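Novice: Sharing target_5.csv, CSV, C-alpha atoms:
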chain,number,residue,atom,x,y,z
Y,880,MET,CA,-18.1,-5.6,11.0
Y,881,PRO,CA,-14.4,-4.9,11.5
Y,882,SER,CA,-14.1,-2.6,14.5
Y,883,LYS,CA,-10.3,-2.3,14.4
Y,884,MET,CA,-8.0,-0.6,11.9
Y,885,LEU,CA,-4.4,-1.4,11.3
Y,886,ILE,CA,-2.5,1.2,9.3
Y,887,MET,CA,1.0,0.3,8.0
Y,888,CYS,CA,2.9,3.5,7.7
Y,889,THR,CA,5.7,2.6,5.3
Y,890,SER,CA,6.4,6.1,3.9
Y,891,GLY,CA,8.9,8.5,5.4
Y,892,PRO,CA,10.4,12.0,5.3
Y,893,ASP,CA,11.3,11.7,1.6
Y,894,THR,CA,7.7,11.5,0.5
Y,895,PRO,CA,6.0,14.2,2.6
Y,896,THR,CA,2.7,14.3,0.7
Y,897,ARG,CA,2.1,10.7,1.8
Y,898,LEU,CA,2.2,11.7,5.5
Y,899,GLY,CA,-1.1,13.5,6.1
Y,900,THR,CA,-3.7,10.8,5.2
Y,901,PRO,CA,-2.5,8.0,7.6
Y,902,PHE,CA,-2.8,10.1,10.8
Y,903,HIS,CA,-6.0,11.9,9.6
Y,904,GLN,CA,-7.7,8.6,8.7
Y,905,ALA,CA,-6.6,7.0,12.0
Y,906,MET,CA,-8.2,9.9,14.0
Y,907,THR,CA,-11.3,9.7,11.9
Y,908,ALA,CA,-11.6,5.9,12.6
Y,909,ILE,CA,-11.5,6.6,16.3
Y,910,ALA,CA,-14.2,9.2,15.9
Y,911,LEU,CA,-16.3,6.5,14.1
Y,912,ASP,CA,-16.0,4.4,17.2
Y,913,ALA,CA,-13.4,2.0,16.0
Y,914,GLU,CA,-12.5,-0.1,19.0
Y,915,GLU,CA,-8.8,0.0,18.3
Y,916,VAL,CA,-6.7,2.0,15.7
Y,917,ILE,CA,-3.0,1.1,15.4
Y,918,ILE,CA,-0.4,2.6,13.2
Y,919,VAL,CA,2.7,0.4,12.7
Y,920,PHE,CA,5.7,2.2,11.4
Y,921,THR,CA,8.0,0.2,9.2
Y,922,MET,CA,10.2,0.6,6.1
Y,923,GLU,CA,10.8,4.4,5.6
Y,924,GLY,CA,8.0,5.3,8.1
Y,925,THR,CA,10.3,4.3,11.0
Y,926,ARG,CA,12.5,7.3,10.2
Y,927,LEU,CA,9.7,9.6,11.5
Y,928,LEU,CA,10.3,8.2,15.0
Y,929,LYS,CA,13.8,9.6,15.2
Y,930,PRO,CA,13.8,12.7,17.4
Y,931,GLY,CA,14.0,15.9,15.4
Y,932,VAL,CA,12.6,14.4,12.1
Y,933,ALA,CA,8.8,14.6,12.1
Y,934,GLU,CA,8.7,18.2,13.2
Y,935,THR,CA,10.7,19.3,10.1
Y,936,VAL,CA,8.4,17.4,7.6
Y,937,PHE,CA,5.3,19.0,6.3
Y,938,ALA,CA,2.7,17.1,4.2
Y,939,LYS,CA,1.8,20.4,2.6
Y,940,LYS,CA,4.6,22.7,1.6
Y,941,GLY,CA,4.3,26.1,3.4
Y,942,SER,CA,1.9,24.7,6.0
Y,943,SER,CA,2.7,25.3,9.7
Y,944,HIS,CA,1.3,21.9,10.7
Y,945,SER,CA,4.1,19.4,10.8
Y,946,VAL,CA,3.9,15.7,10.5
Y,947,LEU,CA,4.7,15.6,14.2
Y,948,ASP,CA,1.7,17.8,14.9
Y,949,SER,CA,-0.5,15.3,12.9
Y,950,MET,CA,1.0,12.5,14.9
Y,951,ARG,CA,0.2,14.2,18.2
Y,952,ASP,CA,-3.3,15.0,17.1
Y,953,ALA,CA,-3.8,11.3,16.3
Y,954,LYS,CA,-2.3,10.2,19.6
Y,955,GLU,CA,-4.6,12.6,21.6
Y,956,CYS,CA,-7.6,10.9,20.0
Y,957,GLY,CA,-6.4,7.5,21.1
Y,958,VAL,CA,-4.5,6.2,18.1
Y,959,GLN,CA,-1.7,3.9,19.1
Y,960,PHE,CA,1.8,3.9,17.5
Y,961,PHE,CA,4.0,0.9,17.3
Y,962,VAL,CA,7.3,0.2,15.4
Y,963,CYS,CA,8.4,-2.9,13.6
Y,964,PRO,CA,11.7,-3.9,15.4
Y,965,SER,CA,13.3,-5.1,12.1
Y,966,SER,CA,12.8,-1.7,10.6
Y,967,LEU,CA,14.6,-0.1,13.6
Y,968,GLU,CA,17.6,-2.3,12.8
Y,969,LEU,CA,17.3,-1.4,9.1
Y,970,HIS,CA,17.9,2.3,10.0
Y,971,ASP,CA,20.4,1.6,12.8
Y,972,MET,CA,17.9,3.0,15.3
Y,973,LYS,CA,17.0,1.8,18.8
Y,974,GLN,CA,13.5,1.8,20.3
Y,975,GLU,CA,14.6,3.7,23.4
Y,976,ASP,CA,15.9,6.6,21.2
Y,977,CYS,CA,12.5,7.0,19.5
Y,978,ILE,CA,10.2,10.0,20.2
Y,979,PRO,CA,8.0,9.6,23.3
Y,980,GLU,CA,4.8,9.4,21.1
Y,981,LEU,CA,5.7,5.8,20.3
Y,982,ASP,CA,3.8,3.2,22.4
Y,983,GLY,CA,6.2,0.3,21.8
Y,984,GLY,CA,7.4,-2.3,19.4
Y,985,MET,CA,5.2,-4.7,17.4
Y,986,GLY,CA,6.9,-7.4,15.4
Y,987,ALA,CA,5.7,-9.1,12.2
Y,988,ALA,CA,4.1,-11.9,14.2
Y,989,SER,CA,1.9,-9.4,16.0
Y,990,TYR,CA,0.8,-7.3,13.1
Y,991,ALA,CA,0.3,-10.4,10.8
Y,992,SER,CA,-1.9,-11.9,13.5
Y,993,MET,CA,-3.8,-8.7,14.0
Y,994,GLY,CA,-4.4,-8.5,10.2
Y,995,MET,CA,-5.6,-12.0,10.1
Y,996,GLN,CA,-8.4,-11.3,12.7
Y,997,ASP,CA,-11.9,-11.1,11.4
Y,998,ASP,CA,-12.7,-7.7,12.7
Y,999,VAL,CA,-9.6,-5.8,11.4
Y,1000,VAL,CA,-9.2,-3.8,8.2
Y,1001,VAL,CA,-5.7,-3.1,6.9
Y,1002,PHE,CA,-4.5,0.0,5.0
Y,1003,CYS,CA,-0.9,0.2,3.8
Y,1004,TYR,CA,0.5,3.7,3.2
J,1338,MET,CA,-17.6,-13.0,1.0
J,1339,PRO,CA,-16.6,-9.4,0.3
J,1340,SER,CA,-18.5,-8.1,-2.7
J,1341,LYS,CA,-17.1,-4.6,-2.7
J,1342,MET,CA,-13.6,-3.4,-3.4
J,1343,LEU,CA,-12.0,-0.2,-2.2
J,1344,ILE,CA,-8.7,0.8,-4.0
J,1345,MET,CA,-6.8,3.7,-2.6
J,1346,CYS,CA,-4.8,5.2,-5.5
J,1347,THR,CA,-2.0,7.0,-3.7
J,1348,SER,CA,0.5,7.1,-6.6
J,1349,GLY,CA,0.7,9.8,-9.1
J,1350,PRO,CA,2.4,11.0,-12.3
J,1351,ASP,CA,5.9,10.7,-10.9
J,1352,THR,CA,5.6,6.9,-10.6
J,1353,PRO,CA,3.9,5.9,-13.9
J,1354,THR,CA,4.6,2.2,-13.6
J,1355,ARG,CA,2.3,2.1,-10.6
J,1356,LEU,CA,-0.7,3.4,-12.6
J,1357,GLY,CA,-1.8,0.5,-14.7
J,1358,THR,CA,-2.7,-2.1,-12.0
J,1359,PRO,CA,-5.2,-0.1,-10.0
J,1360,PHE,CA,-7.5,0.6,-13.0
J,1361,HIS,CA,-7.1,-2.9,-14.6
J,1362,GLN,CA,-7.8,-4.6,-11.3
J,1363,ALA,CA,-10.8,-2.4,-10.6
J,1364,MET,CA,-12.3,-3.3,-14.1
J,1365,THR,CA,-11.6,-7.0,-13.4
J,1366,ALA,CA,-13.4,-6.9,-10.1
J,1367,ILE,CA,-16.5,-5.5,-11.8
J,1368,ALA,CA,-16.2,-8.3,-14.4
J,1369,LEU,CA,-16.1,-10.7,-11.4
J,1370,ASP,CA,-19.5,-9.3,-10.3
J,1371,ALA,CA,-18.2,-7.2,-7.4
J,1372,GLU,CA,-21.2,-5.2,-6.3
J,1373,GLU,CA,-19.2,-2.0,-6.0
J,1374,VAL,CA,-15.7,-1.0,-6.9
J,1375,ILE,CA,-14.5,2.4,-5.8
J,1376,ILE,CA,-11.1,4.1,-6.4
J,1377,VAL,CA,-10.3,6.8,-4.0
J,1378,PHE,CA,-7.6,9.2,-5.1
J,1379,THR,CA,-5.4,10.6,-2.4
J,1380,MET,CA,-1.8,11.7,-1.7
J,1381,GLU,CA,0.0,11.8,-5.1
J,1382,GLY,CA,-2.9,10.1,-6.9
J,1383,THR,CA,-5.0,13.2,-6.7
J,1384,ARG,CA,-2.7,15.0,-9.2
J,1385,LEU,CA,-4.1,12.6,-11.9
J,1386,LEU,CA,-7.4,14.4,-11.6
J,1387,LYS,CA,-6.0,17.8,-12.8
J,1388,PRO,CA,-7.1,18.4,-16.4
J,1389,GLY,CA,-4.2,17.7,-18.8
J,1390,VAL,CA,-2.2,15.4,-16.5
J,1391,ALA,CA,-3.4,11.8,-16.9
J,1392,GLU,CA,-3.3,11.9,-20.7
J,1393,THR,CA,0.4,12.7,-20.6
J,1394,VAL,CA,1.3,9.8,-18.3
J,1395,PHE,CA,1.9,6.3,-19.6
J,1396,ALA,CA,2.3,3.2,-17.3
J,1397,LYS,CA,4.4,1.7,-20.0
J,1398,LYS,CA,7.0,3.8,-21.8
J,1399,GLY,CA,6.2,4.1,-25.5
J,1400,SER,CA,2.7,2.8,-25.2
J,1401,SER,CA,-0.1,4.8,-26.8
J,1402,HIS,CA,-2.5,3.9,-24.0
J,1403,SER,CA,-2.4,6.7,-21.4
J,1404,VAL,CA,-3.4,6.6,-17.8
J,1405,LEU,CA,-6.4,8.6,-18.8
J,1406,ASP,CA,-7.4,5.9,-21.2
J,1407,SER,CA,-7.1,3.3,-18.4
J,1408,MET,CA,-9.2,5.5,-16.2
J,1409,ARG,CA,-11.9,5.8,-18.9
J,1410,ASP,CA,-11.9,2.1,-19.5
J,1411,ALA,CA,-12.5,1.5,-15.8
J,1412,LYS,CA,-15.2,4.2,-15.7
J,1413,GLU,CA,-17.0,2.6,-18.6
J,1414,CYS,CA,-17.1,-0.7,-16.8
J,1415,GLY,CA,-18.8,0.9,-13.8
J,1416,VAL,CA,-15.8,1.7,-11.5
J,1417,GLN,CA,-16.5,4.8,-9.5
J,1418,PHE,CA,-13.8,7.5,-8.8
J,1419,PHE,CA,-13.8,9.7,-5.7
J,1420,VAL,CA,-11.2,12.1,-4.3
J,1421,CYS,CA,-10.2,12.7,-0.7
J,1422,PRO,CA,-10.9,16.4,-0.1
J,1423,SER,CA,-7.9,16.8,2.1
J,1424,SER,CA,-5.6,15.7,-0.7
J,1425,LEU,CA,-7.2,18.4,-3.0
J,1426,GLU,CA,-6.1,21.0,-0.4
J,1427,LEU,CA,-2.7,19.4,-0.3
J,1428,HIS,CA,-2.2,20.1,-4.0
J,1429,ASP,CA,-4.0,23.5,-4.0
J,1430,MET,CA,-6.7,21.9,-6.2
J,1431,LYS,CA,-10.5,22.3,-6.2
J,1432,GLN,CA,-13.0,19.5,-6.8
J,1433,GLU,CA,-14.8,21.6,-9.5
J,1434,ASP,CA,-11.6,21.9,-11.5
J,1435,CYS,CA,-11.0,18.1,-11.7
J,1436,ILE,CA,-11.5,16.0,-14.8
J,1437,PRO,CA,-15.2,15.0,-15.5
J,1438,GLU,CA,-14.4,11.3,-14.9
J,1439,LEU,CA,-14.5,12.1,-11.1
J,1440,ASP,CA,-17.7,11.1,-9.4
J,1441,GLY,CA,-17.2,13.2,-6.3
J,1442,GLY,CA,-15.5,13.7,-3.0
J,1443,MET,CA,-15.1,11.1,-0.3
J,1444,GLY,CA,-13.6,12.1,3.0
J,1445,ALA,CA,-11.7,9.9,5.4
J,1446,ALA,CA,-14.9,9.2,7.4
J,1447,SER,CA,-16.5,7.6,4.4
J,1448,TYR,CA,-13.6,5.5,3.2
J,1449,ALA,CA,-12.6,4.5,6.7
J,1450,SER,CA,-16.3,3.4,7.2
J,1451,MET,CA,-16.4,1.6,3.9
J,1452,GLY,CA,-13.1,-0.2,4.8
J,1453,MET,CA,-14.6,-1.3,8.1
J,1454,GLN,CA,-17.5,-3.0,6.5
J,1455,ASP,CA,-17.6,-6.8,6.4
J,1456,ASP,CA,-17.9,-7.2,2.7
J,1457,VAL,CA,-15.2,-4.8,1.6
J,1458,VAL,CA,-11.6,-5.6,0.6
J,1459,VAL,CA,-9.0,-2.8,0.6
J,1460,PHE,CA,-6.0,-2.5,-1.7
J,1461,CYS,CA,-3.6,0.4,-1.4
J,1462,TYR,CA,-1.6,1.4,-4.4
H,286,MET,CA,-10.7,-15.7,11.0
H,287,PRO,CA,-8.7,-15.1,7.8
H,288,SER,CA,-6.3,-17.9,7.4
H,289,LYS,CA,-4.8,-16.7,4.1
H,290,MET,CA,-2.5,-13.8,3.4
H,291,LEU,CA,-2.1,-12.0,0.1
H,292,ILE,CA,0.9,-9.6,-0.1
H,293,MET,CA,1.1,-7.4,-3.2
H,294,CYS,CA,4.8,-6.6,-3.7
H,295,THR,CA,4.7,-3.4,-5.8
H,296,SER,CA,8.1,-2.1,-4.8
H,297,GLY,CA,11.3,-2.9,-6.6
H,298,PRO,CA,15.1,-2.4,-6.7
H,299,ASP,CA,14.9,1.4,-6.6
H,300,THR,CA,13.4,1.3,-3.1
H,301,PRO,CA,15.5,-1.3,-1.3
H,302,THR,CA,14.4,-0.4,2.3
H,303,ARG,CA,10.9,-1.6,1.2
H,304,LEU,CA,12.0,-5.1,0.4
H,305,GLY,CA,12.6,-6.7,3.8
H,306,THR,CA,9.2,-6.6,5.4
H,307,PRO,CA,7.2,-8.4,2.7
H,308,PHE,CA,9.2,-11.5,2.8
H,309,HIS,CA,9.8,-11.5,6.6
H,310,GLN,CA,6.0,-11.0,7.2
H,311,ALA,CA,5.1,-13.7,4.8
H,312,MET,CA,7.4,-16.2,6.6
H,313,THR,CA,6.0,-15.2,9.9
H,314,ALA,CA,2.4,-15.7,8.7
H,315,ILE,CA,3.4,-19.3,7.7
H,316,ALA,CA,4.9,-19.8,11.2
H,317,LEU,CA,1.5,-18.6,12.6
H,318,ASP,CA,-0.2,-21.4,10.7
H,319,ALA,CA,-1.7,-19.3,7.9
H,320,GLU,CA,-3.1,-21.8,5.5
H,321,GLU,CA,-1.8,-20.0,2.4
H,322,VAL,CA,0.6,-17.1,2.0
H,323,ILE,CA,1.0,-15.7,-1.5
H,324,ILE,CA,3.1,-12.8,-2.7
H,325,VAL,CA,2.1,-11.3,-6.0
H,326,PHE,CA,4.8,-9.3,-7.7
H,327,THR,CA,3.4,-6.4,-9.8
H,328,MET,CA,4.4,-2.8,-10.8
H,329,GLU,CA,8.1,-2.3,-9.8
H,330,GLY,CA,8.2,-5.5,-7.8
H,331,THR,CA,8.2,-7.6,-10.9
H,332,ARG,CA,11.8,-6.3,-11.7
H,333,LEU,CA,13.0,-8.4,-8.8
H,334,LEU,CA,12.2,-11.5,-10.8
H,335,LYS,CA,14.7,-10.8,-13.5
H,336,PRO,CA,17.7,-13.0,-13.1
H,337,GLY,CA,20.6,-11.1,-11.6
H,338,VAL,CA,18.6,-8.4,-9.9
H,339,ALA,CA,17.4,-9.5,-6.5
H,340,GLU,CA,20.9,-10.7,-5.4
H,341,THR,CA,22.3,-7.2,-5.9
H,342,VAL,CA,19.7,-5.5,-3.8
H,343,PHE,CA,20.0,-5.2,-0.1
H,344,ALA,CA,17.2,-3.9,2.2
H,345,LYS,CA,19.9,-2.8,4.6
H,346,LYS,CA,23.0,-1.1,3.2
H,347,GLY,CA,26.1,-3.0,4.1
H,348,SER,CA,24.2,-6.2,4.9
H,349,SER,CA,25.3,-9.5,3.4
H,350,HIS,CA,21.7,-10.8,3.2
H,351,SER,CA,20.3,-9.9,-0.2
H,352,VAL,CA,16.7,-9.6,-1.2
H,353,LEU,CA,17.1,-12.8,-3.1
H,354,ASP,CA,18.2,-14.4,0.2
H,355,SER,CA,15.1,-13.1,1.9
H,356,MET,CA,13.0,-14.4,-1.0
H,357,ARG,CA,14.6,-17.8,-0.7
H,358,ASP,CA,14.0,-17.9,3.0
H,359,ALA,CA,10.3,-17.2,2.4
H,360,LYS,CA,10.1,-19.9,-0.3
H,361,GLU,CA,11.6,-22.5,2.0
H,362,CYS,CA,8.9,-21.8,4.6
H,363,GLY,CA,6.2,-22.4,2.0
H,364,VAL,CA,5.4,-18.9,0.8
H,365,GLN,CA,4.3,-18.9,-2.8
H,366,PHE,CA,5.4,-16.4,-5.5
H,367,PHE,CA,3.3,-15.3,-8.4
H,368,VAL,CA,3.7,-12.5,-11.0
H,369,CYS,CA,1.0,-10.4,-12.5
H,370,PRO,CA,1.3,-11.0,-16.3
H,371,SER,CA,0.5,-7.4,-17.2
H,372,SER,CA,3.4,-6.2,-15.1
H,373,LEU,CA,5.7,-8.6,-17.1
H,374,GLU,CA,4.6,-6.8,-20.3
H,375,LEU,CA,5.1,-3.4,-18.6
H,376,HIS,CA,8.8,-4.3,-18.2
H,377,ASP,CA,9.2,-6.2,-21.4
H,378,MET,CA,9.8,-9.4,-19.5
H,379,LYS,CA,8.6,-12.9,-20.1
H,380,GLN,CA,7.6,-15.4,-17.4
H,381,GLU,CA,9.9,-18.1,-18.7
H,382,ASP,CA,12.9,-15.8,-18.2
H,383,CYS,CA,12.1,-15.2,-14.5
H,384,ILE,CA,14.1,-16.6,-11.6
H,385,PRO,CA,13.2,-20.2,-10.7
H,386,GLU,CA,11.8,-19.1,-7.3
H,387,LEU,CA,8.7,-17.9,-9.2
H,388,ASP,CA,5.7,-20.4,-8.9
H,389,GLY,CA,3.8,-19.0,-11.8
H,390,GLY,CA,1.6,-16.2,-13.2
H,391,MET,CA,-1.5,-14.8,-11.4
H,392,GLY,CA,-3.7,-12.3,-13.2
H,393,ALA,CA,-5.8,-9.6,-11.8
H,394,ALA,CA,-8.9,-11.8,-11.9
H,395,SER,CA,-7.2,-14.3,-9.6
H,396,TYR,CA,-5.8,-11.9,-7.1
H,397,ALA,CA,-8.9,-9.8,-7.0
H,398,SER,CA,-10.9,-13.0,-6.4
H,399,MET,CA,-8.6,-14.1,-3.7
H,400,GLY,CA,-8.8,-10.7,-2.1
H,401,MET,CA,-12.6,-10.8,-2.1
H,402,GLN,CA,-12.6,-14.1,-0.1
H,403,ASP,CA,-13.7,-14.0,3.5
H,404,ASP,CA,-10.7,-15.6,4.9
H,405,VAL,CA,-8.0,-13.5,3.2
H,406,VAL,CA,-6.2,-10.4,4.4
H,407,VAL,CA,-4.4,-8.2,1.9
H,408,PHE,CA,-1.2,-6.2,2.5
H,409,CYS,CA,0.1,-3.9,-0.2
H,410,TYR,CA,3.8,-3.1,-0.1
Rewrite the structure from the file as C-alpha cells, please.
Specialist:
Amino acid sequence: MPSKMLIMCTSGPDTPTRLGTPFHQAMTAIALDAEEVIIVFTMEGTRLLKPGVAETVFAKKGSSHSVLDSMRDAKECGVQFFVCPSSLELHDMKQEDCIPELDGGMGAASYASMGMQDDVVVFCY
Amino acid sequence: MPSKMLIMCTSGPDTPTRLGTPFHQAMTAIALDAEEVIIVFTMEGTRLLKPGVAETVFAKKGSSHSVLDSMRDAKECGVQFFVCPSSLELHDMKQEDCIPELDGGMGAASYASMGMQDDVVVFCY
Amino acid sequence: MPSKMLIMCTSGPDTPTRLGTPFHQAMTAIALDAEEVIIVFTMEGTRLLKPGVAETVFAKKGSSHSVLDSMRDAKECGVQFFVCPSSLELHDMKQEDCIPELDGGMGAASYASMGMQDDVVVFCY
C-alpha cells in the first residue's frame, strides 16, 4: 500500500477555487498516517510562494481563511513544501526570495523518481 | 494490477473542452473490467452537480450531446459519482440540492485513502 | 517499482506556463531509465499538434525556446507522443494533419489500461 503522497500544485492565484483541496487533502493524508506527504509547486502554483501573494488569495470568496492560512495549517501537520526550480525561472523568481514555509527545491528528477516509487500516489492539481 | 480507478473531476462549466474525457475514460475503464470506477467532483467540477448546469454545457461546441448526457452515459455503465463536501461549501451548495446522478459525498479522508490503495490508479482532470 | 510514466497533457496554447513541465519531466524520466515515457495529448493539449501552433507558444514570455522546441527535445530523448482520437474530433482536427512529431493515436481504452498497470505512474497536466 502506498504510504506516501505527492501532490503537484500547478494552480495559482488566478484560479483560487483550486487552492483549498491540495492543502486540505495533504493534511488529511498525514492524519491517515501517510509516511510522507509532499506538495511540489510548479507552473502557476509557484506564484503562491512569492511573499505577499498567498495571504491575499481566498479559495472561497468572502472567507477570512486565506490560502496562506491553509498552507500553514498543512505545514503544521507535517506536510512538506518544495518548489520546482524550473518554475521559479519561469516566473523570474529566486528560491531565497520565497516565503519561509517553503522547505526547498525539488527538480523534475526528484519528483519523477518519487512518483515512480511503488509506495507513492500522485495527485495533480 | 490496479483494478480501480479514481478520477478527480476538478474542471467545471467554464472549461467545457475538459469535460468529455473524464466521463468517456471512466466508462471505458468499466468496459475494461475495472472493479470500481469513481469520479469525485471537487473544485470547479462541483458546479456541474447544480441542477440546470450540466445540460447547458457542451464539451464540443455545436454538439447535441451535453455534459449531463455524458455523465448519464457513465452512470449507466456503473461509474459512481461522489462530491467532496468541502467543495460544496466553497460554492454555497448543499448535497441534497445536487442532481440525482450523484451517489453521495466523499471527503478528503476517503479519496486520499482510496488513492493510497495498491490497486487504484488516480487521474486528475 | 513503476518503470513507465504516462503524462496526460490536457493544457494547450491558452495556458503557456503549463507547457514546460510536461516535456521537461518526460525527458528527465527517460534519463532516469524509465522503460517507457508516453505523453497523451487530450482536451486543450491536442491543439498543440496543429501545424503552426506549438512554435508560436512559449512557456516563458520572452524566451526563444518554443513549446515545439521542448516537444522536439523530449522526442529526441525517446519520449513518445500520442493523441486521444476523441480530442481530435473535439477540435475538428484529423490525425493525418497533425505535426510529424506525433507517434499515433491512443484511445481511452489504451491509456486507461496503461494507467491500470502496476508499473505505471500517471501525471495529469
Novice: To one decimal place, how far is atom CA of Met993 of chain Y from atom CA of Met391 of chain H in Å?
Specialist: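 Computing the Euclidean distance for atom CA of Met993 of chain Y and atom CA of Met391 of chain H yields 26.2 Å.
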Novice: With all Cα atoms paired residue by residue, do a least-squares superposition of chain H on chain J and hand back the transformed coordinates as a compact mmCIF listing (two decimals) with C-alpha atoms, keeping the file's coordinate frame.
Specialist:
# COMPACT_ATOMS: atom_id res chain seq x y z
CA MET H 286 -17.66 -13.00 0.94
CA PRO H 287 -16.62 -9.38 0.30
CA SER H 288 -18.46 -8.16 -2.68
CA LYS H 289 -17.04 -4.61 -2.63
CA MET H 290 -13.58 -3.38 -3.48
CA LEU H 291 -11.96 -0.20 -2.25
CA ILE H 292 -8.71 0.78 -4.05
CA MET H 293 -6.77 3.70 -2.56
CA CYS H 294 -4.80 5.25 -5.44
CA THR H 295 -1.96 7.08 -3.64
CA SER H 296 0.48 7.09 -6.52
CA GLY H 297 0.69 9.80 -9.12
CA PRO H 298 2.44 11.01 -12.31
CA ASP H 299 5.95 10.69 -10.86
CA THR H 300 5.57 6.91 -10.59
CA PRO H 301 3.95 5.93 -13.89
CA THR H 302 4.65 2.13 -13.66
CA ARG H 303 2.27 2.19 -10.62
CA LEU H 304 -0.69 3.43 -12.56
CA GLY H 305 -1.78 0.44 -14.65
CA THR H 306 -2.73 -2.11 -12.06
CA PRO H 307 -5.27 -0.05 -10.09
CA PHE H 308 -7.50 0.59 -12.96
CA HIS H 309 -7.06 -2.86 -14.62
CA GLN H 310 -7.83 -4.59 -11.24
CA ALA H 311 -10.82 -2.45 -10.65
CA MET H 312 -12.28 -3.37 -14.08
CA THR H 313 -11.61 -6.98 -13.47
CA ALA H 314 -13.37 -6.89 -10.07
CA ILE H 315 -16.47 -5.48 -11.90
CA ALA H 316 -16.22 -8.34 -14.44
CA LEU H 317 -16.15 -10.75 -11.41
CA ASP H 318 -19.48 -9.32 -10.29
CA ALA H 319 -18.19 -7.19 -7.41
CA GLU H 320 -21.16 -5.22 -6.30
CA GLU H 321 -19.23 -1.95 -5.93
CA VAL H 322 -15.72 -0.98 -6.96
CA ILE H 323 -14.49 2.42 -5.81
CA ILE H 324 -11.13 4.06 -6.34
CA VAL H 325 -10.27 6.84 -3.96
CA PHE H 326 -7.58 9.18 -5.18
CA THR H 327 -5.47 10.64 -2.32
CA MET H 328 -1.81 11.73 -1.69
CA GLU H 329 -0.03 11.86 -5.11
CA GLY H 330 -2.87 10.13 -6.89
CA THR H 331 -5.04 13.18 -6.69
CA ARG H 332 -2.65 14.96 -9.22
CA LEU H 333 -4.03 12.64 -11.86
CA LEU H 334 -7.34 14.45 -11.62
CA LYS H 335 -6.01 17.74 -12.81
CA PRO H 336 -7.03 18.35 -16.36
CA GLY H 337 -4.17 17.70 -18.74
CA VAL H 338 -2.21 15.37 -16.53
CA ALA H 339 -3.43 11.82 -16.84
CA GLU H 340 -3.30 11.87 -20.70
CA THR H 341 0.42 12.61 -20.61
CA VAL H 342 1.27 9.76 -18.33
CA PHE H 343 1.89 6.31 -19.59
CA ALA H 344 2.31 3.22 -17.33
CA LYS H 345 4.41 1.69 -20.07
CA LYS H 346 6.96 3.88 -21.84
CA GLY H 347 6.28 4.03 -25.52
CA SER H 348 2.69 2.84 -25.15
CA SER H 349 -0.13 4.74 -26.82
CA HIS H 350 -2.59 3.91 -23.99
CA SER H 351 -2.43 6.70 -21.43
CA VAL H 352 -3.43 6.56 -17.82
CA LEU H 353 -6.42 8.63 -18.71
CA ASP H 354 -7.34 5.88 -21.21
CA SER H 355 -7.06 3.28 -18.50
CA MET H 356 -9.17 5.47 -16.22
CA ARG H 357 -11.81 5.81 -18.89
CA ASP H 358 -11.87 2.11 -19.49
CA ALA H 359 -12.50 1.55 -15.77
CA LYS H 360 -15.28 4.18 -15.72
CA GLU H 361 -17.06 2.55 -18.62
CA CYS H 362 -17.16 -0.77 -16.74
CA GLY H 363 -18.80 0.93 -13.77
CA VAL H 364 -15.86 1.68 -11.51
CA GLN H 365 -16.46 4.78 -9.46
CA PHE H 366 -13.91 7.58 -8.79
CA PHE H 367 -13.77 9.66 -5.68
CA VAL H 368 -11.17 12.14 -4.32
CA CYS H 369 -10.21 12.67 -0.75
CA PRO H 370 -10.91 16.41 -0.09
CA SER H 371 -7.86 16.87 2.11
CA SER H 372 -5.61 15.68 -0.68
CA LEU H 373 -7.22 18.38 -2.96
CA GLU H 374 -6.10 21.02 -0.42
CA LEU H 375 -2.63 19.40 -0.21
CA HIS H 376 -2.20 20.17 -3.94
CA ASP H 377 -4.05 23.42 -4.00
CA MET H 378 -6.73 21.93 -6.19
CA LYS H 379 -10.46 22.30 -6.13
CA GLN H 380 -12.98 19.53 -6.89
CA GLU H 381 -14.81 21.58 -9.48
CA ASP H 382 -11.61 21.90 -11.52
CA CYS H 383 -11.08 18.11 -11.70
CA ILE H 384 -11.54 16.00 -14.82
CA PRO H 385 -15.16 15.03 -15.51
CA GLU H 386 -14.39 11.32 -14.89
CA LEU H 387 -14.43 12.16 -11.15
CA ASP H 388 -17.78 11.08 -9.42
CA GLY H 389 -17.29 13.22 -6.39
CA GLY H 390 -15.49 13.77 -3.05
CA MET H 391 -15.11 11.07 -0.34
CA GLY H 392 -13.62 12.01 3.01
CA ALA H 393 -11.71 9.93 5.39
CA ALA H 394 -14.83 9.20 7.43
CA SER H 395 -16.46 7.62 4.38
CA TYR H 396 -13.57 5.55 3.21
CA ALA H 397 -12.65 4.44 6.67
CA SER H 398 -16.29 3.41 7.18
CA MET H 399 -16.37 1.57 3.95
CA GLY H 400 -13.15 -0.16 4.82
CA MET H 401 -14.53 -1.29 8.18
CA GLN H 402 -17.50 -3.06 6.46
CA ASP H 403 -17.55 -6.82 6.41
CA ASP H 404 -17.95 -7.19 2.77
CA VAL H 405 -15.17 -4.85 1.58
CA VAL H 406 -11.58 -5.59 0.68
CA VAL H 407 -9.06 -2.77 0.57
CA PHE H 408 -6.06 -2.47 -1.78
CA CYS H 409 -3.63 0.39 -1.36
CA TYR H 410 -1.62 1.37 -4.42
Novice: Around the point (17.3, -3.7, -4.5) in the file's coordinates, collect all residues with an atom within 12 Å, using only C-alpha atoms, and return them as a PyMOL selection string.
Specialist: chain H and resi 296-305+329-335+337-346+348+350-355
Novice: What is the distance, in Å and to one decimal place, between atom CA of Asp1456 of chain J and atom CA of Phe1002 of chain Y?
Specialist: 15.4 Å
Novice: Please report the interatomic distance between atom CA of Thr1358 of chain J and atom CA of Pro370 of chain H in Å with one decimal.
Specialist: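 Those two atoms sit 10.7 Å apart.
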Novice: Which chain J residues are at most 8 Å from chain Y (counting all atoms listed in the file), as JSON, numbers by chain?
Specialist: {"J": [1347, 1379, 1380, 1381, 1423, 1424, 1427, 1428, 1445, 1446, 1449, 1450, 1452, 1453, 1454, 1455, 1459, 1460, 1461]}
Novice: Please list as a list in words every residue within 8 Å of Met1408 of chain J, counting all atoms listed in the file and excluding residues in the same chain fewer than 4 positions away.
Specialist: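 What passes the distance filter is Phe1360, Val1404, Lys1412 and Glu1438 of chain J.
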Novice: Could you write those residues out with C-alpha atoms, as a compact mmCIF listing (two decimals), in the coordinates of the input?
Specialist:
# COMPACT_ATOMS: atom_id res chain seq x y z
CA PHE J 1360 -7.50 0.60 -13.00
CA VAL J 1404 -3.40 6.60 -17.80
CA LYS J 1412 -15.20 4.20 -15.70
CA GLU J 1438 -14.40 11.30 -14.90
